[in-house]
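Novice: Supplied in structure tokens, the structure appears directly below.
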Amino acid sequence: ASLFASNIGSGHFIGLSGSGASSGIGVAGFEIGAIYMLMVLGWLFVPVYMKAEVYTMPQYLKLRFGGERIRIYLTCLALMLSIFTKISVDLYSGAVFLQQALNWNLYASVIALILLAAFFTVGGGLTAVIWTDFIQTVIMIISAVILMIISFARVGGIEQIRSLFPYAVANTTLHSTTECGIPNENYFSLIRPFDAVVVVVV
């Protein structure tokens, strides 16, 4: 549950929904592949880390290759990537939800989320984080199932989605072009045809 909740957040609920709405269900391929990669991580790599008594990747690489610079470099790199690619997106999407649901100010929502996370992380340590992840996993799965049922019921089922999705074009487009916002013709295909992939050769 902790591994699931550490990877899935508000950014997935909002971002992947938007990607799926704009390009089809093909975006689910990444998350489906992640299931198997996480299983490989849990069964093959975690026992190695536990035996080596390491808790982070930079710590493991320092133990494996020696030297302090590689540990510091990877720690800073992972921290910066996490801040600018994951944490910022999760904070923004969570703040958007609070803004829409509770009519809160966007910036106040971001600050509230940061303070809440800091409170239970600093106060309870790793145990609090694990329990919070567990509770979040239960809430997210139940909420996703309820949302799916309501969505299917309002649209009219999977066949209605299949037939109406090609016409789900936004009233306004970003660049006022004829192609922006138009669903891809392979919207209901999890694996895209080879000729649908554009390869750029330099």
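Just remember, in the structure tokens the first chain shown is A, the second B, etc., residues are 1-based per chain, and ligands are 1-based in the order shown.
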In chain A, what's helix (DSSP H, G or I) per DSSP? Answer as an MDAnalysis selection string?

Specialist: chainID A and resid 2:7 10:23 25:52 57:65 69:102 106:155 158:167 194:196

Novice: Selected residues, C-alpha atoms, written as a short mmCIF file (atom, residue, chain, number, x, y, z; two decimals), in the first residue's frame, please.

Specialist:
data_model
loop_
_atom_site.label_atom_id
_atom_site.label_comp_id
_atom_site.auth_asym_id
_atom_site.auth_seq_id
_atom_site.Cartn_x
_atom_site.Cartn_y
_atom_site.Cartn_z
CA SER A 2 2.82 2.38 0.85
CA LEU A 3 4.56 1.70 -2.46
CA PHE A 4 1.29 2.26 -4.33
CA ALA A 5 0.46 5.51 -2.54
CA SER A 6 4.02 6.78 -2.97
CA ASN A 7 3.63 6.49 -6.75
CA SER A 10 -3.57 13.68 -7.18
CA GLY A 11 -1.41 14.32 -10.22
CA HIS A 12 -2.38 10.93 -11.60
CA PHE A 13 -6.07 11.40 -10.93
CA ILE A 14 -6.15 14.74 -12.71
CA GLY A 15 -3.24 14.47 -15.14
CA LEU A 16 -3.88 10.97 -16.46
CA SER A 17 -7.59 11.69 -16.74
CA GLY A 18 -6.79 14.71 -18.88
CA SER A 19 -4.30 12.75 -20.98
CA GLY A 20 -6.81 9.96 -21.46
CA ALA A 21 -9.50 12.44 -22.46
CA SER A 22 -7.23 14.09 -25.02
CA SER A 23 -5.49 11.08 -26.55
CA ILE A 25 -6.71 4.98 -23.23
CA GLY A 26 -3.18 4.45 -24.55
CA VAL A 27 -1.83 6.47 -21.61
CA ALA A 28 -2.81 3.56 -19.37
CA GLY A 29 -0.01 1.50 -20.90
CA PHE A 30 2.59 3.30 -18.82
CA GLU A 31 0.82 2.55 -15.55
CA ILE A 32 0.14 -1.06 -16.52
CA GLY A 33 3.84 -1.50 -17.26
CA ALA A 34 4.67 0.08 -13.91
CA ILE A 35 2.83 -2.76 -12.15
CA TYR A 36 5.36 -5.30 -13.40
CA MET A 37 8.33 -3.03 -12.79
CA LEU A 38 7.29 -2.50 -9.18
CA MET A 39 6.97 -6.26 -8.75
CA VAL A 40 10.49 -6.69 -10.12
CA LEU A 41 11.68 -3.98 -7.76
CA GLY A 42 10.04 -5.67 -4.78
CA TRP A 43 11.14 -9.23 -5.53
CA LEU A 44 14.61 -8.74 -7.00
CA PHE A 45 16.10 -5.47 -5.83
CA VAL A 46 14.67 -4.94 -2.35
CA PRO A 47 16.26 -8.14 -0.94
CA VAL A 48 19.63 -6.91 -2.21
CA TYR A 49 19.12 -3.55 -0.53
CA MET A 50 18.03 -5.19 2.71
CA LYS A 51 21.02 -7.50 2.75
CA ALA A 52 23.35 -4.57 2.13
CA MET A 57 19.78 4.47 -4.02
CA PRO A 58 22.58 7.04 -3.45
CA GLN A 59 23.61 5.12 -0.35
CA TYR A 60 23.70 1.87 -2.33
CA LEU A 61 25.75 3.37 -5.16
CA LYS A 62 28.23 4.80 -2.66
CA LEU A 63 28.58 1.34 -1.12
CA ARG A 64 28.91 -0.28 -4.55
CA PHE A 65 31.32 2.13 -6.24
CA ARG A 69 30.65 12.60 -4.62
CA ILE A 70 28.35 10.12 -6.37
CA ARG A 71 26.12 9.92 -3.30
CA ILE A 72 25.86 13.71 -2.98
CA TYR A 73 25.31 14.15 -6.72
CA LEU A 74 22.52 11.56 -6.94
CA THR A 75 20.90 12.83 -3.74
CA CYS A 76 20.74 16.38 -5.09
CA LEU A 77 19.60 15.17 -8.51
CA ALA A 78 16.82 13.00 -7.08
CA LEU A 79 15.72 15.81 -4.77
CA MET A 80 15.55 18.38 -7.56
CA LEU A 81 13.75 16.02 -9.94
CA SER A 82 11.26 15.09 -7.25
CA ILE A 83 10.55 18.73 -6.40
CA PHE A 84 10.12 19.93 -9.97
CA THR A 85 8.42 16.90 -11.54
CA LYS A 86 6.38 15.12 -8.86
CA ILE A 87 5.87 17.17 -5.71
CA SER A 88 5.02 20.37 -7.58
CA VAL A 89 2.49 18.58 -9.79
CA ASP A 90 0.87 16.80 -6.84
CA LEU A 91 0.65 20.04 -4.88
CA TYR A 92 -0.85 21.92 -7.81
CA SER A 93 -3.40 19.24 -8.68
CA GLY A 94 -4.33 18.84 -5.01
CA ALA A 95 -4.74 22.60 -4.72
CA VAL A 96 -6.93 22.64 -7.84
CA PHE A 97 -9.15 20.00 -6.24
CA LEU A 98 -9.46 22.03 -3.02
CA GLN A 99 -10.15 25.15 -5.04
CA GLN A 100 -12.94 23.47 -6.99
CA ALA A 101 -14.40 21.51 -4.08
CA LEU A 102 -14.11 24.03 -1.23
CA LEU A 106 -5.12 28.24 -4.98
CA TYR A 107 -2.00 29.46 -3.17
CA ALA A 108 -3.57 29.02 0.24
CA SER A 109 -4.43 25.45 -0.72
CA VAL A 110 -0.82 24.73 -1.69
CA ILE A 111 0.45 26.14 1.62
CA ALA A 112 -2.15 24.13 3.56
CA LEU A 113 -1.10 20.90 1.83
CA ILE A 114 2.58 21.58 2.54
CA LEU A 115 1.92 22.33 6.21
CA LEU A 116 -0.26 19.24 6.60
CA ALA A 117 2.35 16.96 5.03
CA ALA A 118 5.13 18.53 7.09
CA PHE A 119 3.10 18.16 10.29
CA PHE A 120 2.52 14.42 10.11
CA THR A 121 5.93 13.67 8.54
CA VAL A 122 7.98 15.55 11.13
CA GLY A 123 5.70 14.63 13.99
CA GLY A 124 5.26 10.94 13.25
CA GLY A 125 8.27 10.04 11.15
CA LEU A 126 8.31 7.13 8.71
CA THR A 127 5.62 5.25 10.64
CA ALA A 128 3.17 8.11 10.15
CA VAL A 129 4.03 8.28 6.45
CA ILE A 130 3.43 4.54 5.98
CA TRP A 131 0.09 4.65 7.80
CA THR A 132 -0.94 7.74 5.86
CA ASP A 133 -0.02 5.97 2.61
CA PHE A 134 -2.14 2.99 3.63
CA ILE A 135 -5.16 5.16 4.40
CA GLN A 136 -4.68 7.13 1.19
CA THR A 137 -4.51 3.90 -0.82
CA VAL A 138 -7.85 2.71 0.56
CA ILE A 139 -9.45 6.12 -0.04
CA MET A 140 -8.06 6.44 -3.58
CA ILE A 141 -9.13 2.96 -4.68
CA ILE A 142 -12.64 3.31 -3.25
CA SER A 143 -12.99 6.82 -4.70
CA ALA A 144 -11.74 5.71 -8.12
CA VAL A 145 -14.22 2.82 -8.23
CA ILE A 146 -17.12 5.08 -7.18
CA LEU A 147 -16.09 7.72 -9.72
CA MET A 148 -15.86 5.09 -12.46
CA ILE A 149 -19.33 3.72 -11.69
CA ILE A 150 -20.89 7.20 -11.62
CA SER A 151 -19.13 8.18 -14.85
CA PHE A 152 -20.22 5.06 -16.71
CA ALA A 153 -23.78 5.46 -15.44
CA ARG A 154 -24.02 9.09 -16.57
CA VAL A 155 -22.50 8.47 -20.00
CA ILE A 158 -18.73 1.59 -22.28
CA GLU A 159 -20.39 1.44 -25.69
CA GLN A 160 -21.60 5.02 -25.37
CA ILE A 161 -18.09 6.11 -24.49
CA ARG A 162 -16.76 4.30 -27.54
CA SER A 163 -19.29 5.93 -29.85
CA LEU A 164 -19.37 9.45 -28.38
CA PHE A 165 -15.70 10.01 -27.59
CA PRO A 166 -14.71 11.01 -31.16
CA TYR A 167 -17.10 13.95 -30.84
CA PHE A 194 3.22 1.05 -35.57
CA ASP A 195 2.44 3.53 -38.33
CA ALA A 196 0.84 5.84 -35.77
#

Novice: Hey, can you check how far CA of Glu68 (chain A) sits from CA of Val54 (chain A)?

Specialist: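 Taking CA of Glu68 (chain A) as the start and CA of Val54 (chain A) as the end point, the length is 14.9 Å.
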
Novice: Please indicate the distance in Å from CA of Gly156 (chain A) to CA of Ile191 (chain A), rounded to one decimal place.

Specialist: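 For CA of Gly156 (chain A) relative to CA of Ile191 (chain A), the distance reads 24.9 Å.
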